[in-house]
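K.L.:
Just one file: work-v5.cif, with mmCIF, C-alpha atoms.
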```cif
data_work
loop_
_atom_site.group_PDB
_atom_site.id
_atom_site.type_symbol
_atom_site.label_atom_id
_atom_site.label_comp_id
_atom_site.auth_asym_id
_atom_site.auth_seq_id
_atom_site.Cartn_x
_atom_site.Cartn_y
_atom_site.Cartn_z
ATOM 1 C CA MET O 1 59.363 100.472 90.360
ATOM 2 C CA ASN O 2 61.627 97.745 91.674
ATOM 3 C CA PRO O 3 64.986 97.499 89.912
ATOM 4 C CA LEU O 4 65.669 94.850 87.297
ATOM 5 C CA ILE O 5 68.712 92.670 87.804
ATOM 6 C CA ALA O 6 70.958 90.378 85.808
ATOM 7 C CA TYR O 7 73.965 88.536 87.163
ATOM 8 C CA LYS O 8 77.125 86.735 86.123
ATOM 9 C CA SER O 9 79.302 84.383 88.147
ATOM 10 C CA TYR O 10 83.048 84.590 88.585
ATOM 11 C CA GLN O 11 85.800 82.250 89.701
ATOM 12 C CA ARG O 12 89.114 83.686 90.867
ATOM 13 C CA ARG O 13 92.025 81.360 91.506
ATOM 14 C CA PHE O 14 94.484 82.561 94.141
ATOM 15 C CA LEU O 15 98.043 82.894 92.868
ATOM 16 C CA LYS O 16 99.001 81.092 96.077
ATOM 17 C CA PRO O 17 96.362 79.348 98.223
ATOM 18 C CA LEU O 18 95.490 81.349 101.325
ATOM 19 C CA ARG O 19 96.297 79.377 104.477
ATOM 20 C CA THR O 20 94.107 80.007 107.512
ATOM 21 C CA ALA O 21 92.871 78.054 110.524
ATOM 22 C CA HIS O 22 89.985 76.912 108.274
ATOM 23 C CA GLY O 23 92.439 75.271 105.848
ATOM 24 C CA GLU O 24 93.670 76.268 102.381
ATOM 25 C CA TRP O 25 91.545 78.496 100.165
ATOM 26 C CA SER O 26 92.443 78.310 96.470
ATOM 27 C CA LEU O 27 89.329 79.468 94.573
ATOM 28 C CA ARG O 28 87.165 82.542 95.212
ATOM 29 C CA GLU O 29 83.675 82.385 93.727
ATOM 30 C CA GLY O 30 80.851 84.882 93.647
ATOM 31 C CA PHE O 31 78.545 86.956 91.461
ATOM 32 C CA ILE O 32 78.522 90.377 89.851
ATOM 33 C CA VAL O 33 75.039 91.879 89.693
ATOM 34 C CA GLN O 34 73.845 94.414 87.129
ATOM 35 C CA ILE O 35 71.027 96.588 88.467
ATOM 36 C CA GLN O 36 68.825 98.725 86.195
ATOM 37 C CA GLN O 37 66.711 101.401 87.835
ATOM 38 C CA ASN O 38 65.307 104.746 86.694
ATOM 39 C CA GLY O 39 67.133 104.523 83.389
ATOM 40 C CA GLU O 40 70.525 103.987 85.049
ATOM 41 C CA ILE O 41 72.747 100.925 85.352
ATOM 42 C CA HIS O 42 74.680 100.101 88.515
ATOM 43 C CA TYR O 43 76.815 97.138 89.512
ATOM 44 C CA SER O 44 77.228 95.276 92.789
ATOM 45 C CA GLU O 45 78.656 92.043 94.121
ATOM 46 C CA VAL O 46 77.453 88.972 96.009
ATOM 47 C CA ALA O 47 80.385 87.088 97.528
ATOM 48 C CA PRO O 48 79.355 84.419 100.089
ATOM 49 C CA ILE O 49 81.688 82.693 102.552
ATOM 50 C CA PRO O 50 79.690 79.986 104.371
ATOM 51 C CA ASP O 51 82.525 79.457 106.897
ATOM 52 C CA PHE O 52 81.712 82.961 108.152
ATOM 53 C CA GLY O 53 78.023 82.227 108.589
ATOM 54 C CA THR O 54 76.709 83.460 105.251
ATOM 55 C CA GLU O 55 74.546 81.742 102.688
ATOM 56 C CA THR O 56 76.137 79.190 100.373
ATOM 57 C CA LEU O 57 77.065 79.958 96.787
ATOM 58 C CA ALA O 58 74.201 77.716 95.638
ATOM 59 C CA ALA O 59 71.656 79.530 97.823
ATOM 60 C CA ALA O 60 72.845 82.904 96.523
ATOM 61 C CA ARG O 61 72.621 81.735 92.930
ATOM 62 C CA GLU O 62 69.115 80.368 93.470
ATOM 63 C CA PHE O 63 67.897 83.661 94.922
ATOM 64 C CA LEU O 64 69.531 85.778 92.215
ATOM 65 C CA GLU O 65 67.921 83.609 89.557
ATOM 66 C CA GLN O 66 64.507 83.972 91.195
ATOM 67 C CA ARG O 67 64.997 87.704 91.689
ATOM 68 C CA SER O 68 65.998 88.183 88.042
ATOM 69 C CA ARG O 69 62.540 86.878 87.092
ATOM 70 C CA ASP O 70 60.466 88.350 89.930
ATOM 71 C CA THR O 71 61.244 91.952 90.920
ATOM 72 C CA THR O 72 58.925 91.810 93.950
ATOM 73 C CA LEU O 73 61.101 89.374 95.903
ATOM 74 C CA VAL O 74 62.586 90.733 99.131
ATOM 75 C CA VAL O 75 65.996 89.458 100.222
ATOM 76 C CA PRO O 76 65.612 87.149 103.256
ATOM 77 C CA LEU O 77 67.766 87.937 106.297
ATOM 78 C CA GLU O 78 69.465 84.551 105.992
ATOM 79 C CA LEU O 79 71.006 85.719 102.695
ATOM 80 C CA PRO O 80 73.198 88.610 103.930
ATOM 81 C CA CYS O 81 75.525 88.634 100.917
ATOM 82 C CA CYS O 82 72.546 88.951 98.583
ATOM 83 C CA GLY O 83 71.231 91.695 100.846
ATOM 84 C CA PHE O 84 74.507 93.561 100.466
ATOM 85 C CA GLY O 85 74.617 93.077 96.707
ATOM 86 C CA LEU O 86 71.077 94.269 96.090
ATOM 87 C CA SER O 87 71.207 97.286 98.405
ATOM 88 C CA ALA O 88 74.017 99.430 97.031
ATOM 89 C CA VAL O 89 72.465 101.119 94.015
ATOM 90 C CA GLU O 90 73.115 104.797 94.593
ATOM 91 C CA PRO O 91 76.703 106.108 94.782
ATOM 92 C CA SER O 92 77.815 107.433 98.155
ATOM 93 C CA ALA O 93 77.186 111.150 98.647
ATOM 94 C CA ALA O 94 79.946 111.370 101.271
ATOM 95 C CA GLU O 95 83.338 112.834 100.504
ATOM 96 C CA GLN O 96 85.950 110.303 99.461
ATOM 97 C CA ARG O 97 88.969 110.166 101.762
ATOM 98 C CA SER O 98 92.378 108.525 101.845
ATOM 99 C CA TYR O 99 92.657 105.349 103.917
ATOM 100 C CA ALA O 100 95.650 103.482 105.295
ATOM 101 C CA ILE O 101 95.827 99.811 104.299
ATOM 102 C CA ALA O 102 97.094 96.975 106.501
ATOM 103 C CA GLY O 103 99.535 94.684 104.703
ATOM 104 C CA LEU O 104 98.565 91.011 104.647
ATOM 105 C CA LEU O 105 101.320 88.536 105.527
ATOM 106 C CA PRO O 106 101.454 84.821 104.641
ATOM 107 C CA ALA O 107 101.390 82.180 107.333
ATOM 108 C CA GLY O 108 104.514 80.173 108.063
ATOM 109 C CA ALA O 109 108.223 80.750 107.479
ATOM 110 C CA ALA O 110 107.657 83.064 104.491
ATOM 111 C CA VAL O 111 106.369 85.740 106.872
ATOM 112 C CA ILE O 112 109.776 87.277 107.635
ATOM 113 C CA ALA O 113 110.733 88.068 104.049
ATOM 114 C CA ALA O 114 107.185 89.161 103.248
ATOM 115 C CA ALA O 115 107.127 91.542 106.221
ATOM 116 C CA GLU O 116 110.400 93.112 105.142
ATOM 117 C CA GLN O 117 108.955 93.709 101.674
ATOM 118 C CA LYS O 118 105.769 95.248 103.089
ATOM 119 C CA VAL O 119 107.715 97.573 105.382
ATOM 120 C CA ALA O 120 109.952 98.642 102.488
ATOM 121 C CA ALA O 121 106.786 99.434 100.495
ATOM 122 C CA GLY O 122 105.585 101.775 103.254
ATOM 123 C CA PHE O 123 103.060 99.663 105.200
ATOM 124 C CA GLU O 124 102.868 100.613 108.885
ATOM 125 C CA VAL O 125 100.298 97.985 109.916
ATOM 126 C CA LEU O 126 100.715 94.286 109.096
ATOM 127 C CA LYS O 127 98.328 91.376 109.552
ATOM 128 C CA LEU O 128 99.483 87.825 110.217
ATOM 129 C CA LYS O 129 97.365 84.672 110.038
ATOM 130 C CA ILE O 130 97.991 82.293 112.947
ATOM 131 C CA GLY O 131 96.605 78.930 114.024
ATOM 132 C CA VAL O 132 98.023 77.353 110.858
ATOM 133 C CA GLU O 133 101.349 75.880 112.035
ATOM 134 C CA PRO O 134 102.053 74.308 115.480
ATOM 135 C CA VAL O 135 101.750 76.996 118.121
ATOM 136 C CA THR O 136 105.375 76.699 119.245
ATOM 137 C CA VAL O 137 106.579 77.275 115.684
ATOM 138 C CA GLU O 138 104.330 80.302 115.249
ATOM 139 C CA LEU O 139 105.374 81.822 118.566
ATOM 140 C CA GLU O 140 109.034 81.537 117.580
ATOM 141 C CA LEU O 141 108.319 83.159 114.216
ATOM 142 C CA LEU O 142 106.431 85.984 115.863
ATOM 143 C CA GLN O 143 109.257 86.637 118.320
ATOM 144 C CA LEU O 144 111.687 86.825 115.411
ATOM 145 C CA LEU O 145 109.355 89.082 113.477
ATOM 146 C CA LEU O 146 108.908 91.463 116.407
ATOM 147 C CA GLU O 147 112.675 91.748 116.773
ATOM 148 C CA ARG O 148 113.075 92.714 113.119
ATOM 149 C CA LEU O 149 110.179 95.106 112.643
ATOM 150 C CA PRO O 150 110.738 98.858 113.024
ATOM 151 C CA ALA O 151 109.147 100.321 116.136
ATOM 152 C CA GLN O 152 106.537 102.281 114.174
ATOM 153 C CA VAL O 153 105.111 99.144 112.511
ATOM 154 C CA HIS O 154 102.191 97.485 114.296
ATOM 155 C CA LEU O 155 100.976 93.901 114.045
ATOM 156 C CA ARG O 156 97.528 92.357 113.925
ATOM 157 C CA LEU O 157 97.217 88.602 114.443
ATOM 158 C CA ASP O 158 94.212 86.704 113.091
ATOM 159 C CA ALA O 159 93.409 83.217 114.370
ATOM 160 C CA ASN O 160 90.047 82.807 112.573
ATOM 161 C CA GLY O 161 88.694 81.158 115.725
ATOM 162 C CA GLY O 162 91.282 78.397 115.467
ATOM 163 C CA LEU O 163 92.842 78.474 118.949
ATOM 164 C CA ASN O 164 91.860 76.701 122.147
ATOM 165 C CA ALA O 165 92.074 78.196 125.637
ATOM 166 C CA THR O 166 95.565 76.792 126.317
ATOM 167 C CA GLN O 167 96.945 78.131 123.044
ATOM 168 C CA LEU O 168 95.304 81.496 123.646
ATOM 169 C CA ALA O 169 97.080 81.776 126.998
ATOM 170 C CA GLN O 170 100.412 81.064 125.269
ATOM 171 C CA TRP O 171 99.784 83.765 122.675
ATOM 172 C CA LEU O 172 98.656 86.341 125.213
ATOM 173 C CA GLU O 173 101.761 85.815 127.334
ATOM 174 C CA LEU O 174 103.955 86.784 124.377
ATOM 175 C CA LEU O 175 101.714 89.560 123.063
ATOM 176 C CA ALA O 176 101.388 91.209 126.472
ATOM 177 C CA ALA O 177 105.178 91.621 126.529
ATOM 178 C CA HIS O 178 105.053 93.768 123.372
ATOM 179 C CA PRO O 179 102.214 96.246 123.921
ATOM 180 C CA ALA O 180 103.702 98.934 121.678
ATOM 181 C CA GLN O 181 103.917 96.626 118.655
ATOM 182 C CA ILE O 182 100.676 94.624 118.887
ATOM 183 C CA GLU O 183 97.503 96.285 117.632
ATOM 184 C CA TYR O 184 95.165 93.397 118.448
ATOM 185 C CA LEU O 185 94.548 89.652 118.343
ATOM 186 C CA GLU O 186 91.580 88.811 116.117
ATOM 187 C CA GLN O 187 88.985 86.129 116.953
ATOM 188 C CA PRO O 188 91.283 83.726 118.811
ATOM 189 C CA LEU O 189 88.463 81.409 119.976
ATOM 190 C CA PRO O 190 85.459 80.028 118.092
ATOM 191 C CA VAL O 191 82.070 81.714 117.932
ATOM 192 C CA GLY O 192 80.217 81.143 121.198
ATOM 193 C CA GLN O 193 83.268 81.705 123.413
ATOM 194 C CA GLU O 194 83.027 85.497 123.501
ATOM 195 C CA ALA O 195 82.764 85.623 127.313
ATOM 196 C CA GLU O 196 86.066 83.778 127.629
ATOM 197 C CA MET O 197 87.710 86.093 125.097
ATOM 198 C CA ALA O 198 86.408 89.141 126.984
ATOM 199 C CA ALA O 199 87.799 87.810 130.260
ATOM 200 C CA GLN O 200 91.188 87.084 128.694
ATOM 201 C CA MET O 201 91.297 90.535 127.096
ATOM 202 C CA GLN O 202 90.685 92.197 130.434
ATOM 203 C CA ALA O 203 93.163 90.003 132.295
ATOM 204 C CA SER O 204 95.997 90.318 129.768
ATOM 205 C CA GLY O 205 95.568 93.892 128.611
ATOM 206 C CA VAL O 206 95.862 92.700 124.997
ATOM 207 C CA ALA O 207 93.112 93.998 122.715
ATOM 208 C CA ILE O 208 91.012 91.184 121.219
ATOM 209 C CA ALA O 209 88.942 91.866 118.112
ATOM 210 C CA LEU O 210 85.815 90.010 117.079
ATOM 211 C CA ASP O 211 85.315 88.887 113.478
ATOM 212 C CA GLU O 212 83.384 85.666 112.913
ATOM 213 C CA SER O 213 81.327 86.417 116.044
ATOM 214 C CA LEU O 214 79.877 89.445 114.233
ATOM 215 C CA ASN O 215 78.258 87.296 111.546
ATOM 216 C CA GLY O 216 76.214 85.088 113.869
ATOM 217 C CA PRO O 217 72.884 85.438 115.655
ATOM 218 C CA ALA O 218 74.448 87.469 118.491
ATOM 219 C CA ALA O 219 76.112 89.970 116.133
ATOM 220 C CA GLU O 220 74.054 92.961 117.254
ATOM 221 C CA THR O 221 74.780 92.289 120.915
ATOM 222 C CA TRP O 222 78.527 92.235 120.312
ATOM 223 C CA LEU O 223 78.453 95.275 118.051
ATOM 224 C CA GLN O 224 76.982 97.273 120.882
ATOM 225 C CA ASN O 225 78.807 95.772 123.849
ATOM 226 C CA TRP O 226 82.237 94.489 122.812
ATOM 227 C CA ALA O 227 85.083 96.577 124.287
ATOM 228 C CA GLY O 228 87.680 95.726 121.643
ATOM 229 C CA PRO O 229 87.935 96.267 117.895
ATOM 230 C CA LEU O 230 85.138 95.109 115.584
ATOM 231 C CA VAL O 231 86.264 93.544 112.301
ATOM 232 C CA ILE O 232 83.548 94.229 109.756
ATOM 233 C CA LYS O 233 83.436 92.503 106.378
ATOM 234 C CA PRO O 234 80.820 94.639 104.602
ATOM 235 C CA ALA O 235 80.164 92.118 101.829
ATOM 236 C CA LEU O 236 78.977 89.600 104.443
ATOM 237 C CA MET O 237 76.918 91.942 106.628
ATOM 238 C CA GLY O 238 73.742 92.616 104.655
ATOM 239 C CA ASP O 239 72.030 95.801 103.481
ATOM 240 C CA LEU O 240 74.549 98.631 103.058
ATOM 241 C CA ALA O 241 72.282 101.414 104.312
ATOM 242 C CA GLN O 242 71.513 99.398 107.443
ATOM 243 C CA GLN O 243 75.225 98.781 107.982
ATOM 244 C CA ILE O 244 75.879 102.519 107.894
ATOM 245 C CA GLU O 245 73.201 103.108 110.518
ATOM 246 C CA ARG O 246 74.470 100.297 112.766
ATOM 247 C CA LEU O 247 78.150 101.158 112.504
ATOM 248 C CA GLN O 248 78.178 104.928 112.792
ATOM 249 C CA PRO O 249 77.808 104.863 116.629
ATOM 250 C CA VAL O 250 80.733 102.410 116.995
ATOM 251 C CA ALA O 251 82.875 103.551 114.047
ATOM 252 C CA ALA O 252 85.927 104.310 116.210
ATOM 253 C CA ARG O 253 86.198 100.558 116.963
ATOM 254 C CA VAL O 254 85.438 99.352 113.414
ATOM 255 C CA VAL O 255 88.061 97.696 111.227
ATOM 256 C CA LEU O 256 86.749 97.263 107.680
ATOM 257 C CA SER O 257 88.039 94.115 106.012
ATOM 258 C CA SER O 258 88.004 92.589 102.545
ATOM 259 C CA VAL O 259 86.747 89.105 101.697
ATOM 260 C CA PHE O 260 88.809 88.806 98.509
ATOM 261 C CA GLU O 261 86.009 90.278 96.465
ATOM 262 C CA THR O 262 86.458 92.045 93.121
ATOM 263 C CA ARG O 263 86.935 95.777 92.756
ATOM 264 C CA ILE O 264 83.159 96.190 92.607
ATOM 265 C CA GLY O 265 82.746 94.777 96.097
ATOM 266 C CA LEU O 266 85.705 96.785 97.365
ATOM 267 C CA GLU O 267 84.248 100.025 96.021
ATOM 268 C CA MET O 268 80.978 99.249 97.781
ATOM 269 C CA ALA O 269 82.909 98.713 101.026
ATOM 270 C CA LEU O 270 84.709 102.021 100.494
ATOM 271 C CA ARG O 271 81.347 103.762 100.157
ATOM 272 C CA LEU O 272 80.598 102.451 103.618
ATOM 273 C CA ALA O 273 83.940 103.766 104.869
ATOM 274 C CA ASP O 274 83.137 107.199 103.431
ATOM 275 C CA GLN O 275 80.071 107.294 105.673
ATOM 276 C CA LEU O 276 82.086 106.548 108.843
ATOM 277 C CA PRO O 277 84.257 109.606 109.552
ATOM 278 C CA ASP O 278 85.330 108.211 112.945
ATOM 279 C CA LEU O 279 87.187 105.252 111.411
ATOM 280 C CA LYS O 280 90.730 105.111 112.794
ATOM 281 C CA TYR O 281 92.019 101.627 111.952
ATOM 282 C CA ALA O 282 93.830 100.813 108.712
ATOM 283 C CA LEU O 283 91.561 98.943 106.302
ATOM 284 C CA GLY O 284 92.134 95.235 105.743
ATOM 285 C CA PHE O 285 92.083 95.612 101.956
ATOM 286 C CA ASP O 286 95.494 94.220 100.987
ATOM 287 C CA THR O 287 93.955 91.487 98.858
ATOM 288 C CA VAL O 288 94.607 92.771 95.333
ATOM 289 C CA ALA O 289 97.898 90.943 94.824
ATOM 290 C CA ALA O 290 96.275 87.591 95.622
ATOM 291 C CA PHE O 291 94.938 87.404 92.051
ATOM 292 C CA CYS O 292 96.015 88.298 88.541
ATOM 293 C CA ASP O 293 92.740 88.354 86.643
ATOM 294 C CA GLY O 294 91.894 91.992 85.865
ATOM 295 C CA LEU O 295 88.960 92.039 88.296
ATOM 296 C CA ASN O 296 90.538 94.429 90.781
ATOM 297 C CA PHE O 297 92.890 97.380 91.151
ATOM 298 C CA SER O 298 96.037 96.826 89.095
ATOM 299 C CA GLN O 299 97.970 97.421 92.306
ATOM 300 C CA LEU O 300 97.363 98.914 95.720
ATOM 301 C CA GLY O 301 99.992 99.917 98.268
ATOM 302 C CA PRO O 302 99.865 101.119 101.861
ATOM 303 C CA GLN O 303 97.219 103.750 101.140
ATOM 304 C CA ILE O 304 94.140 104.053 98.976
ATOM 305 C CA LYS O 305 93.413 107.561 97.733
ATOM 306 C CA PRO O 306 90.496 109.152 95.872
ATOM 307 C CA SER O 307 92.713 109.173 92.773
ATOM 308 C CA HIS O 308 92.831 105.373 92.882
ATOM 309 C CA ARG O 309 89.047 105.246 92.901
ATOM 310 C CA SER O 310 88.654 107.694 90.003
ATOM 311 C CA THR O 311 89.453 104.889 87.543
ATOM 312 C CA TYR O 312 86.559 102.733 88.752
ATOM 313 C CA ASP O 313 84.813 101.147 85.743
ATOM 314 C CA PRO O 314 82.469 98.349 86.859
ATOM 315 C CA GLN O 315 81.083 97.824 83.365
ATOM 316 C CA LYS O 316 84.557 96.775 82.222
ATOM 317 C CA ILE O 317 84.524 94.018 84.852
ATOM 318 C CA TRP O 318 80.993 92.993 83.855
ATOM 319 C CA ASN O 319 81.998 92.775 80.179
ATOM 320 C CA GLN O 320 85.018 90.677 81.050
ATOM 321 C CA LEU O 321 82.908 87.913 82.596
ATOM 322 C CA PRO O 322 81.350 85.247 80.358
ATOM 323 C CA PRO O 323 77.557 84.901 80.169
ATOM 324 C CA LEU O 324 75.921 82.364 82.444
ATOM 325 C CA SER O 325 75.835 78.905 80.915
#
```
Render the structure in this file as structure tokens.
P.N.:
Amino acid sequence: MNPLIAYKSYQRRFLKPLRTAHGEWSLREGFIVQIQQNGEIHYSEVAPIPDFGTETLAAAREFLEQRSRDTTLVVPLELPCCGFGLSAVEPSAAEQRSYAIAGLLPAGAAVIAAAEQKVAAGFEVLKLKIGVEPVTVELELLQLLLERLPAQVHLRLDANGGLNATQLAQWLELLAAHPAQIEYLEQPLPVGQEAEMAAQMQASGVAIALDESLNGPAAETWLQNWAGPLVIKPALMGDLAQQIERLQPVAARVVLSSVFETRIGLEMALRLADQLPDLKYALGFDTVAAFCDGLNFSQLGPQIKPSHRSTYDPQKIWNQLPPLS
């Protein structure tokens, strides 16, 4: 028998708008799904981000409404977030492990003080958004940051596809001079310019990770053939069981990343992590402090442990949300 579903929507306002190359992001919206099957109740999450090639919030809502009335509906491939949310019914049978977390830094001048706080808290990997300020300003800030960071702390830089070829060359010149401190540069050029990014990675020696490119029509090609890191946002990538099958062969290059989902979505992503024993990169899950709404971990530092996950109570989150109007 196909599972029965109900759903509620949520709106989460960022304490401070997130600044990226796509602009400012101030409100996170999505859905929590209640799934009833074989006398048990499970919870999942549908959290679209159209800028990353997913369905819109309206399209997700329309499908969830239809699916709540017709249990025979199959999730179309063009609704990957719905596919993710309706696939993760059974808890992971894999052993839970501890995972390092990469600290998320703000864009702009606030990055120096924020980095010092993250390092003091024990983070050994930090992630900085770039492509927000003028490139000369950001390069100066990065140089200053590199001078102040302890040698054991590594940096990831995320451009969200917001650079052009000239700007990329400027960034690579600086990054190539600090190979011990730079982990990788993430999606510097827009989707469709993967060949140029591959050529620049080989020429510079700086690792370039794909992110947005892995949510488009050529995703499978790049998963199998890209030489650098692969930034995977599980909530945007469709059926969870299929993700496990696709990612296990390339797990050593996978970097799992949050999309500012609730704790329900994060737990689902952690179930994926549990199935990938070859993961080596710190998880991009430092998103908890972006909100203060009770929909996530109360706090999360430089590591997530099984003890953190033992308090998982998705029904409490479900009960906190108002009924659909």
K.L.:
Exactly which residues make up the result of the PyMOL selection byres ((chain O and resi 259) around 8) on this file, given as a list in words?
P.N.:
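Matching residues under the PyMOL selection byres ((chain O and resi 259) around 8) are Ala47, Lys233, Ala235, Ser257, Ser258, Phe260 and Glu261 of chain O.
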K.L.:
Measure the distance from CA of Ala21 (chain O) to CA of Gly161 (chain O) in Å and round it to one decimal.
P.N.:
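Rounded to one decimal, the two atoms are 7.4 Å apart.
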K.L.:
Looking at all atoms listed in the file, which of O:Leu86, O:Pro249, O:Ala58, O:Ile232 is the one that sits closest to Leu73 (chain O)?
P.N.:
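Nearest to Leu73 (chain O): O:Leu86.
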K.L.:
With a distance cut-off of 8 Å and only C-alpha atoms, select the neighbouring residues of Ile101 (chain O), excluding the residue or stretch itself and same-chain residues fewer than 4 positions from it, and output the selection as a ChimeraX atom specification.
P.N.:
/O:123,125,282-286,301-304
K.L.:
For Leu18 (chain O), which of O:Phe52, O:Phe84, O:Trp318, O:Phe291 is the closest residue, counting all atoms listed in the file?
P.N.:
O:Phe291
K.L.:
To one decimal place, how far is CA of Thr136 (chain O) from CA of Gly108 (chain O) in Å?
P.N.:
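Going from CA of Thr136 (chain O) over to CA of Gly108 (chain O), I get 11.7 Å.
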K.L.:
Report as a PDB file with C-alpha atoms, in the frame of the given file the residues that result from applying the PyMOL selection byres ((chain O and resi 275) around 10) to the structure here.
P.N.:
```
ATOM      1  CA  SER O  92      77.815 107.433  98.155  1.00  0.00           C
ATOM      2  CA  ALA O  93      77.186 111.150  98.647  1.00  0.00           C
ATOM      3  CA  ALA O  94      79.946 111.370 101.271  1.00  0.00           C
ATOM      4  CA  GLU O  95      83.338 112.834 100.504  1.00  0.00           C
ATOM      5  CA  GLN O  96      85.950 110.303  99.461  1.00  0.00           C
ATOM      6  CA  ALA O 241      72.282 101.414 104.312  1.00  0.00           C
ATOM      7  CA  ILE O 244      75.879 102.519 107.894  1.00  0.00           C
ATOM      8  CA  GLU O 245      73.201 103.108 110.518  1.00  0.00           C
ATOM      9  CA  LEU O 247      78.150 101.158 112.504  1.00  0.00           C
ATOM     10  CA  GLN O 248      78.178 104.928 112.792  1.00  0.00           C
ATOM     11  CA  ALA O 251      82.875 103.551 114.047  1.00  0.00           C
ATOM     12  CA  LEU O 270      84.709 102.021 100.494  1.00  0.00           C
ATOM     13  CA  ARG O 271      81.347 103.762 100.157  1.00  0.00           C
ATOM     14  CA  LEU O 272      80.598 102.451 103.618  1.00  0.00           C
ATOM     15  CA  ALA O 273      83.940 103.766 104.869  1.00  0.00           C
ATOM     16  CA  ASP O 274      83.137 107.199 103.431  1.00  0.00           C
ATOM     17  CA  LEU O 276      82.086 106.548 108.843  1.00  0.00           C
ATOM     18  CA  PRO O 277      84.257 109.606 109.552  1.00  0.00           C
ATOM     19  CA  ASP O 278      85.330 108.211 112.945  1.00  0.00           C
ATOM     20  CA  LEU O 279      87.187 105.252 111.411  1.00  0.00           C
TER      21      LEU O 279
END
```
K.L.:
Name all residues at most 12 Å from Thr72 (chain O) (count all atoms listed in the file; drop same-chain ones fewer than 4 positions away) and give them as an mmCIF file with C-alpha atoms, in the coordinates of the input.
P.N.:
```
data_model
loop_
_atom_site.group_PDB
_atom_site.id
_atom_site.type_symbol
_atom_site.label_atom_id
_atom_site.label_comp_id
_atom_site.auth_asym_id
_atom_site.auth_seq_id
_atom_site.Cartn_x
_atom_site.Cartn_y
_atom_site.Cartn_z
ATOM 1 C CA MET O 1 59.363 100.472 90.360
ATOM 2 C CA ASN O 2 61.627 97.745 91.674
ATOM 3 C CA PRO O 3 64.986 97.499 89.912
ATOM 4 C CA LEU O 4 65.669 94.850 87.297
ATOM 5 C CA ILE O 5 68.712 92.670 87.804
ATOM 6 C CA GLN O 66 64.507 83.972 91.195
ATOM 7 C CA ARG O 67 64.997 87.704 91.689
ATOM 8 C CA SER O 68 65.998 88.183 88.042
#
```
K.L.:
Taking all atoms listed in the file into account, name the residue in O:His22, O:Leu174, O:Ser44, O:Pro188 that is nearest to Ile317 (chain O).
P.N.:
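Of O:His22, O:Leu174, O:Ser44, O:Pro188, the one nearest Ile317 (chain O), counting all atoms listed in the file, is O:Ser44.
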K.L.:
Which residue, O:Thr311, O:Asn225, O:Thr20, O:Gln170, has the smallest gap to Ala195 (chain O) when you use all atoms listed in the file?
P.N.:
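Going through O:Thr311, O:Asn225, O:Thr20, O:Gln170 one by one, the smallest distance to Ala195 (chain O) is for O:Asn225.
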K.L.:
Measuring between all atoms listed in the file, which one of O:Thr56, O:Thr221, O:Ser213, O:Ser9 shows the shortest distance to Pro323 (chain O)?
P.N.:
O:Ser9
